[in-house]
$ cat upload16.cif   # mmCIF, C-alpha atoms and all ligand atoms
data_protein
loop_
_atom_site.label_atom_id
_atom_site.label_comp_id
_atom_site.auth_asym_id
_atom_site.auth_seq_id
_atom_site.Cartn_x
_atom_site.Cartn_y
_atom_site.Cartn_z
CA MET U 1 45.15 11.89 -5.42
CA LYS U 2 41.76 13.46 -4.83
CA PHE U 3 41.01 16.89 -6.27
CA PHE U 4 39.08 19.42 -4.22
CA ALA U 5 38.18 22.90 -5.54
CA ASP U 6 39.19 25.71 -3.20
CA THR U 7 36.35 28.11 -3.94
CA ALA U 8 32.80 29.13 -3.09
CA GLU U 9 31.95 30.07 -6.69
CA ILE U 10 29.07 27.81 -7.77
CA ASP U 11 29.58 28.16 -11.53
CA GLU U 12 33.23 27.14 -11.29
CA ILE U 13 32.37 24.18 -9.07
CA ARG U 14 29.64 23.07 -11.49
CA GLU U 15 32.00 23.26 -14.48
CA LEU U 16 34.73 21.15 -12.85
CA ASN U 17 32.19 18.72 -11.46
CA GLU U 18 30.62 18.15 -14.88
CA ALA U 19 34.10 17.38 -16.23
CA GLY U 20 34.35 14.66 -13.57
CA LEU U 21 37.32 16.37 -11.92
CA LEU U 22 35.97 17.05 -8.45
CA ASP U 23 36.15 14.87 -5.38
CA GLY U 24 35.16 17.63 -2.97
CA VAL U 25 35.27 21.34 -2.19
CA THR U 26 36.96 23.48 0.44
CA THR U 27 35.82 26.92 1.51
CA ASN U 28 37.07 29.33 4.14
CA PRO U 29 35.79 32.66 5.50
CA SER U 30 37.86 34.62 2.95
CA LEU U 31 36.42 32.63 0.02
CA ILE U 32 32.88 33.11 1.37
CA ALA U 33 33.53 36.87 1.63
CA LYS U 34 34.88 36.87 -1.94
CA SER U 35 31.74 35.12 -3.24
CA GLY U 36 29.53 37.80 -1.68
CA ARG U 37 27.01 35.03 -0.88
CA ASP U 38 25.26 33.98 2.33
CA PHE U 39 27.42 31.33 4.03
CA MET U 40 24.66 28.83 4.80
CA GLU U 41 22.98 29.24 1.43
CA VAL U 42 26.11 28.86 -0.68
CA THR U 43 27.35 25.90 1.40
CA ARG U 44 24.00 24.15 0.94
CA GLU U 45 24.18 24.68 -2.83
CA ILE U 46 27.73 23.32 -3.02
CA CYS U 47 26.74 20.26 -0.96
CA GLU U 48 23.88 19.54 -3.37
CA LEU U 49 26.16 19.81 -6.39
CA VAL U 50 29.12 17.75 -5.16
CA ASP U 51 28.97 14.25 -3.70
CA GLY U 52 32.27 14.44 -1.80
CA PRO U 53 33.25 16.34 1.36
CA VAL U 54 32.55 20.08 1.44
CA SER U 55 34.60 21.92 4.07
CA ALA U 56 32.81 24.69 5.95
CA GLU U 57 34.84 26.55 8.55
CA VAL U 58 33.85 27.55 12.08
CA VAL U 59 34.81 31.07 13.10
CA ALA U 60 34.68 30.79 16.90
CA LEU U 61 37.95 30.45 18.77
CA ASP U 62 36.69 28.61 21.85
CA HIS U 63 35.70 24.94 21.93
CA GLU U 64 32.18 25.44 23.25
CA THR U 65 31.16 27.94 20.56
CA MET U 66 32.98 25.92 17.88
CA MET U 67 30.79 22.95 18.83
CA LYS U 68 27.64 25.06 18.56
CA GLU U 69 28.68 26.43 15.17
CA ALA U 70 29.60 22.92 13.99
CA GLU U 71 26.15 21.71 15.08
CA THR U 72 24.54 24.30 12.79
CA LEU U 73 26.89 23.55 9.90
CA ARG U 74 26.59 19.78 10.01
CA LYS U 75 22.82 20.04 9.67
CA ILE U 76 23.30 21.50 6.16
CA ALA U 77 24.07 18.10 4.57
CA ASP U 78 25.69 14.75 5.26
CA ASN U 79 28.74 15.67 3.18
CA VAL U 80 29.66 18.74 5.24
CA CYS U 81 33.17 18.51 6.67
CA ILE U 82 33.72 20.85 9.61
CA LYS U 83 36.89 22.92 9.29
CA VAL U 84 38.58 23.92 12.54
CA PRO U 85 41.80 25.85 13.14
CA LEU U 86 44.93 24.13 14.44
CA THR U 87 44.62 25.30 18.05
CA ILE U 88 44.01 23.36 21.26
CA ASP U 89 40.32 24.32 21.15
CA GLY U 90 40.20 23.33 17.48
CA LEU U 91 41.77 19.94 18.24
CA LYS U 92 39.38 19.35 21.13
CA THR U 93 36.48 20.12 18.79
CA CYS U 94 38.01 17.81 16.18
CA ARG U 95 38.15 14.89 18.60
CA LYS U 96 34.58 15.41 19.76
CA LEU U 97 33.18 15.70 16.24
CA THR U 98 35.07 12.76 14.74
CA ASP U 99 34.07 10.58 17.71
CA ASP U 100 30.48 11.37 16.65
CA GLY U 101 31.21 10.34 13.06
CA THR U 102 31.48 13.89 11.63
CA MET U 103 34.24 14.64 9.10
CA VAL U 104 36.75 17.25 10.27
CA ASN U 105 39.37 19.20 8.34
CA VAL U 106 42.02 20.72 10.63
CA THR U 107 43.25 23.80 8.83
CA LEU U 108 46.05 26.37 9.04
CA CYS U 109 48.71 23.70 9.50
CA PHE U 110 52.25 25.04 9.09
CA SER U 111 54.41 22.42 10.80
CA ALA U 112 54.80 18.64 10.89
CA ASN U 113 54.32 18.69 14.66
CA GLN U 114 50.97 20.40 14.18
CA ALA U 115 50.03 17.71 11.65
CA LEU U 116 51.00 15.07 14.20
CA LEU U 117 48.59 16.66 16.69
CA ALA U 118 45.80 16.75 14.09
CA ALA U 119 46.24 13.03 13.43
CA LYS U 120 46.25 12.26 17.16
CA ALA U 121 43.00 14.24 17.49
CA GLY U 122 41.46 11.94 14.87
CA ALA U 123 41.20 14.49 12.04
CA THR U 124 39.73 13.24 8.78
CA PHE U 125 41.92 15.75 6.88
CA VAL U 126 44.82 17.99 7.81
CA SER U 127 45.39 21.07 5.63
CA PRO U 128 49.06 22.15 5.38
CA PHE U 129 49.33 25.49 3.53
CA VAL U 130 52.15 25.25 0.99
CA GLY U 131 51.75 28.57 -0.85
CA ARG U 132 51.86 30.69 2.28
CA HIS U 133 55.08 28.89 3.29
CA ASP U 134 56.60 29.61 -0.13
CA ASP U 135 55.58 33.29 0.30
CA ASN U 136 57.75 33.32 3.43
CA GLY U 137 60.82 31.76 1.87
CA PHE U 138 60.32 28.17 3.07
CA ASP U 139 59.65 25.37 0.57
CA GLY U 140 56.07 24.38 1.40
CA MET U 141 56.48 20.97 -0.25
CA GLU U 142 59.12 20.03 2.36
CA LEU U 143 56.31 20.15 4.91
CA ILE U 144 54.21 17.75 2.83
CA ARG U 145 57.17 15.33 2.59
CA ASP U 146 57.63 15.41 6.38
CA ILE U 147 53.96 14.86 7.11
CA ARG U 148 53.78 11.95 4.61
CA LEU U 149 56.77 10.32 6.33
CA ILE U 150 55.32 10.75 9.82
CA TYR U 151 51.83 9.57 8.90
CA ASP U 152 53.25 6.52 7.12
CA ASN U 153 55.53 5.73 10.08
CA TYR U 154 52.52 5.40 12.35
CA LEU U 155 49.84 4.42 9.83
CA PHE U 156 47.67 7.41 10.72
CA ASP U 157 44.37 7.49 8.82
CA THR U 158 44.26 11.29 8.60
CA GLU U 159 44.41 12.37 4.97
CA ILE U 160 46.96 14.98 3.89
CA LEU U 161 45.01 17.72 2.09
CA VAL U 162 47.52 20.04 0.45
CA ALA U 163 46.11 23.58 0.66
CA SER U 164 47.17 27.05 -0.41
CA VAL U 165 48.04 25.56 -3.79
CA ARG U 166 49.02 28.35 -6.17
CA HIS U 167 50.29 26.68 -9.36
CA VAL U 168 50.46 23.44 -11.30
CA THR U 169 53.88 22.48 -9.92
CA HIS U 170 52.37 22.33 -6.43
CA VAL U 171 49.87 19.80 -7.80
CA LEU U 172 52.56 17.70 -9.48
CA GLU U 173 54.79 17.70 -6.39
CA SER U 174 51.84 16.77 -4.16
CA ALA U 175 51.06 13.77 -6.37
CA LYS U 176 54.73 12.68 -6.45
CA ILE U 177 54.98 12.84 -2.68
CA GLY U 178 51.74 10.88 -2.31
CA ALA U 179 49.48 13.46 -0.72
CA ASP U 180 45.94 12.11 -0.39
CA VAL U 181 44.14 15.25 -1.56
CA MET U 182 45.00 18.65 -2.97
CA THR U 183 42.69 21.64 -3.00
CA ALA U 184 43.29 24.35 -5.55
CA PRO U 185 41.57 27.34 -7.09
CA PRO U 186 39.64 26.27 -10.24
CA LYS U 187 42.03 28.19 -12.48
CA VAL U 188 44.93 26.01 -11.28
CA ILE U 189 42.95 22.80 -11.82
CA LYS U 190 42.01 23.94 -15.33
CA ALA U 191 45.62 24.92 -16.10
CA LEU U 192 46.68 21.28 -15.62
CA VAL U 193 45.30 20.51 -19.07
CA ASN U 194 47.54 23.00 -20.87
CA HIS U 195 50.34 21.76 -23.11
CA THR U 196 51.62 23.50 -26.20
CA LEU U 197 52.17 20.16 -27.99
CA THR U 198 48.52 19.24 -27.42
CA ASP U 199 47.45 22.54 -29.04
CA LYS U 200 49.88 22.04 -31.91
CA GLY U 201 48.74 18.44 -32.33
CA ILE U 202 45.07 19.46 -32.58
CA GLU U 203 45.98 22.16 -35.11
CA GLY U 204 47.93 19.67 -37.26
CA PHE U 205 45.25 16.96 -37.14
CA LEU U 206 42.54 19.46 -38.09
CA LYS U 207 44.55 20.80 -41.00
CA ASP U 208 45.14 17.30 -42.38
CA TRP U 209 41.52 16.32 -41.78
CA GLN U 210 40.26 19.33 -43.72
CA SER U 211 42.48 18.34 -46.65
CA THR U 212 40.55 15.03 -46.91
CA GLY U 213 37.29 16.88 -47.52
CA GLN U 214 35.52 14.37 -45.26
CA SER U 215 33.17 14.95 -42.34
CA ILE U 216 31.87 12.82 -39.49
CA LYS U 217 28.10 12.61 -39.73
CA THR U 218 26.30 13.69 -36.57
CA SER U 219 22.57 13.34 -35.95
O1 LIG U 301 41.54 27.00 1.97
C1 LIG U 301 42.76 27.42 2.50
C2 LIG U 301 43.83 27.74 1.50
O2 LIG U 301 43.78 26.95 0.39
C3 LIG U 301 44.14 29.18 1.31
O3 LIG U 301 44.94 29.46 0.21
O4 LIG U 301 46.00 31.01 -1.39
O5 LIG U 301 44.75 31.93 0.59
O6 LIG U 301 46.95 30.82 0.90
P1 LIG U 301 45.70 30.87 0.07
#

$ encode --input "upload16.cif" --output "structure tokens"
Amino acid sequence: MKFFADTAEIDEIRELNEAGLLDGVTTNPSLIAKSGRDFMEVTREICELVDGPVSAEVVALDHETMMKEAETLRKIADNVCIKVPLTIDGLKTCRKLTDDGTMVNVTLCFSANQALLAAKAGATFVSPFVGRHDDNGFDGMELIRDIRLIYDNYLFDTEILVASVRHVTHVLESAKIGADVMTAPPKVIKALVNHTLTDKGIEGFLKDWQSTGQSIKTS
């Protein structure tokens, strides 16, 4: 499963990238607002840092303006992936862009039928939001299971990009179901490393090592 960072914070992206943990980045208008940075400038910086797809979202609601915004965004770098909302205009834009060889992430997906439409429109990625479903009392992972089943039934190429990931269990469940990608805030990705037995193990090994009085020579 590919790991994307759901953030527009450059330092966090750099840190995860240097640890070899990043396959891409997703942003959205809320994350850009949170960063306080200029949209074009921060997107360009992210694209230079990360080799994989970097999602940048259009804000227009009509197809014609979405296409114009996408035109501006795709000039930023070859790894820009245009993010469009799951609406008829968004799907129309998706089809047009993917026919031209541009990557498209269809976002704000909340049902398996919507995911079916995204695949039919040739989306590179579909982004089902699991956390927001959980917030509303529906198990978001059920949606991922349904989409996996449908995409496998028809061998759709669209990749399932699990979004609105809030905790490490979402990551584990996504991997068990066979989602292609998950995008999560850096703090969730970093939390995957935590295990109390790892900490205890390090503590024990260090204690025993110190008792030997030895050291490993470094230059
Ligand atoms: O990028 C879209 C998505 O990941 C948003 O997450 O936490 O705002 O529901 P959240």

$ atom_distance --input "upload16.cif" --atom1 "CA of Lys83 (chain U)" --atom2 "CA of Ala19 (chain U)"
26.3 Å

$ closest_atom_pairs --input "upload16.cif" --of "chain U" --to "ligand LIG 301 (chain U)" --cutoff "12 Å" --atoms "only C-alpha atoms and all ligand atoms" --output "JSON lines"
{"residue": "U:Phe4", "atom": "CA", "partner": "U:LIG301", "partner_atom": "O2", "distance": 10.0}
{"residue": "U:Ala5", "atom": "CA", "partner": "U:LIG301", "partner_atom": "O2", "distance": 9.1}
{"residue": "U:Asp6", "atom": "CA", "partner": "U:LIG301", "partner_atom": "O1", "distance": 5.8}
{"residue": "U:Thr7", "atom": "CA", "partner": "U:LIG301", "partner_atom": "O1", "distance": 7.9}
{"residue": "U:Ala8", "atom": "CA", "partner": "U:LIG301", "partner_atom": "O1", "distance": 10.3}
{"residue": "U:Val25", "atom": "CA", "partner": "U:LIG301", "partner_atom": "O1", "distance": 9.4}
{"residue": "U:Thr26", "atom": "CA", "partner": "U:LIG301", "partner_atom": "O1", "distance": 6.0}
{"residue": "U:Thr27", "atom": "CA", "partner": "U:LIG301", "partner_atom": "O1", "distance": 5.7}
{"residue": "U:Asn28", "atom": "CA", "partner": "U:LIG301", "partner_atom": "O1", "distance": 5.5}
{"residue": "U:Pro29", "atom": "CA", "partner": "U:LIG301", "partner_atom": "O1", "distance": 8.8}
{"residue": "U:Ser30", "atom": "CA", "partner": "U:LIG301", "partner_atom": "O5", "distance": 7.8}
{"residue": "U:Leu31", "atom": "CA", "partner": "U:LIG301", "partner_atom": "O1", "distance": 7.9}
{"residue": "U:Ile32", "atom": "CA", "partner": "U:LIG301", "partner_atom": "O1", "distance": 10.6}
{"residue": "U:Lys34", "atom": "CA", "partner": "U:LIG301", "partner_atom": "O5", "distance": 11.3}
{"residue": "U:Val54", "atom": "CA", "partner": "U:LIG301", "partner_atom": "O1", "distance": 11.4}
{"residue": "U:Ser55", "atom": "CA", "partner": "U:LIG301", "partner_atom": "O1", "distance": 8.9}
{"residue": "U:Ala56", "atom": "CA", "partner": "U:LIG301", "partner_atom": "O1", "distance": 9.9}
{"residue": "U:Glu57", "atom": "CA", "partner": "U:LIG301", "partner_atom": "O1", "distance": 9.4}
{"residue": "U:Lys83", "atom": "CA", "partner": "U:LIG301", "partner_atom": "O1", "distance": 9.6}
{"residue": "U:Val84", "atom": "CA", "partner": "U:LIG301", "partner_atom": "O1", "distance": 11.4}
{"residue": "U:Pro85", "atom": "CA", "partner": "U:LIG301", "partner_atom": "C1", "distance": 10.8}
{"residue": "U:Asn105", "atom": "CA", "partner": "U:LIG301", "partner_atom": "O1", "distance": 10.3}
{"residue": "U:Val106", "atom": "CA", "partner": "U:LIG301", "partner_atom": "C1", "distance": 10.6}
{"residue": "U:Thr107", "atom": "CA", "partner": "U:LIG301", "partner_atom": "C1", "distance": 7.3}
{"residue": "U:Leu108", "atom": "CA", "partner": "U:LIG301", "partner_atom": "C1", "distance": 7.4}
{"residue": "U:Cys109", "atom": "CA", "partner": "U:LIG301", "partner_atom": "C1", "distance": 9.9}
{"residue": "U:Phe110", "atom": "CA", "partner": "U:LIG301", "partner_atom": "O6", "distance": 11.3}
{"residue": "U:Val126", "atom": "CA", "partner": "U:LIG301", "partner_atom": "C1", "distance": 11.0}
{"residue": "U:Ser127", "atom": "CA", "partner": "U:LIG301", "partner_atom": "C1", "distance": 7.6}
{"residue": "U:Pro128", "atom": "CA", "partner": "U:LIG301", "partner_atom": "C2", "distance": 8.6}
{"residue": "U:Phe129", "atom": "CA", "partner": "U:LIG301", "partner_atom": "C2", "distance": 6.3}
{"residue": "U:Val130", "atom": "CA", "partner": "U:LIG301", "partner_atom": "O6", "distance": 7.6}
{"residue": "U:Gly131", "atom": "CA", "partner": "U:LIG301", "partner_atom": "O6", "distance": 5.6}
{"residue": "U:Arg132", "atom": "CA", "partner": "U:LIG301", "partner_atom": "O6", "distance": 5.1}
{"residue": "U:His133", "atom": "CA", "partner": "U:LIG301", "partner_atom": "O6", "distance": 8.7}
{"residue": "U:Asp134", "atom": "CA", "partner": "U:LIG301", "partner_atom": "O6", "distance": 9.8}
{"residue": "U:Asp135", "atom": "CA", "partner": "U:LIG301", "partner_atom": "O6", "distance": 9.0}
{"residue": "U:Asn136", "atom": "CA", "partner": "U:LIG301", "partner_atom": "O6", "distance": 11.4}
{"residue": "U:Gly140", "atom": "CA", "partner": "U:LIG301", "partner_atom": "O6", "distance": 11.2}
{"residue": "U:Leu161", "atom": "CA", "partner": "U:LIG301", "partner_atom": "O2", "distance": 9.5}
{"residue": "U:Val162", "atom": "CA", "partner": "U:LIG301", "partner_atom": "O2", "distance": 7.9}
{"residue": "U:Ala163", "atom": "CA", "partner": "U:LIG301", "partner_atom": "O2", "distance": 4.1}
{"residue": "U:Ser164", "atom": "CA", "partner": "U:LIG301", "partner_atom": "O3", "distance": 3.3}
{"residue": "U:Val165", "atom": "CA", "partner": "U:LIG301", "partner_atom": "O2", "distance": 6.1}
{"residue": "U:Arg166", "atom": "CA", "partner": "U:LIG301", "partner_atom": "O4", "distance": 6.2}
{"residue": "U:His167", "atom": "CA", "partner": "U:LIG301", "partner_atom": "O4", "distance": 10.0}
{"residue": "U:His170", "atom": "CA", "partner": "U:LIG301", "partner_atom": "O4", "distance": 11.9}
{"residue": "U:Val181", "atom": "CA", "partner": "U:LIG301", "partner_atom": "O2", "distance": 11.9}
{"residue": "U:Met182", "atom": "CA", "partner": "U:LIG301", "partner_atom": "O2", "distance": 9.0}
{"residue": "U:Thr183", "atom": "CA", "partner": "U:LIG301", "partner_atom": "O2", "distance": 6.4}
{"residue": "U:Ala184", "atom": "CA", "partner": "U:LIG301", "partner_atom": "O2", "distance": 6.5}
{"residue": "U:Pro185", "atom": "CA", "partner": "U:LIG301", "partner_atom": "O2", "distance": 7.8}
{"residue": "U:Pro186", "atom": "CA", "partner": "U:LIG301", "partner_atom": "O2", "distance": 11.4}
{"residue": "U:Val188", "atom": "CA", "partner": "U:LIG301", "partner_atom": "O4", "distance": 11.1}

$ closest_residue --input "upload16.cif" --among "U:Gly213, U:Gly52, U:Gly101, U:Gly36" --to "Gly122 (chain U)" --atoms "only C-alpha atoms"
U:Gly101

$ atom_distance --input "upload16.cif" --atom1 "CA of Asn17 (chain U)" --atom2 "CA of Leu49 (chain U)"
8.0 Å

$ atom_distance --input "upload16.cif" --atom1 "CA of Ser111 (chain U)" --atom2 "CA of Glu64 (chain U)"
25.7 Å

$ closest_residue --input "upload16.cif" --among "U:Asn194, U:Thr212, U:Thr65, U:Thr124" --to "Ile160 (chain U)" --atoms "all atoms listed in the file"
U:Thr124

$ residues_around --input "upload16.cif" --residues "Glu18 (chain U)" --least-positions-apart "6" --cutoff "12 Å" --atoms "only C-alpha atoms" --output "short mmCIF file (atom, residue, chain, number, x, y, z; two decimals) with C-alpha atoms, in the frame of the given file"
data_model
loop_
_atom_site.label_atom_id
_atom_site.label_comp_id
_atom_site.auth_asym_id
_atom_site.auth_seq_id
_atom_site.Cartn_x
_atom_site.Cartn_y
_atom_site.Cartn_z
CA ASP U 11 29.58 28.16 -11.53
CA GLU U 12 33.23 27.14 -11.29
CA LEU U 49 26.16 19.81 -6.39
CA VAL U 50 29.12 17.75 -5.16
CA ASP U 51 28.97 14.25 -3.70
#
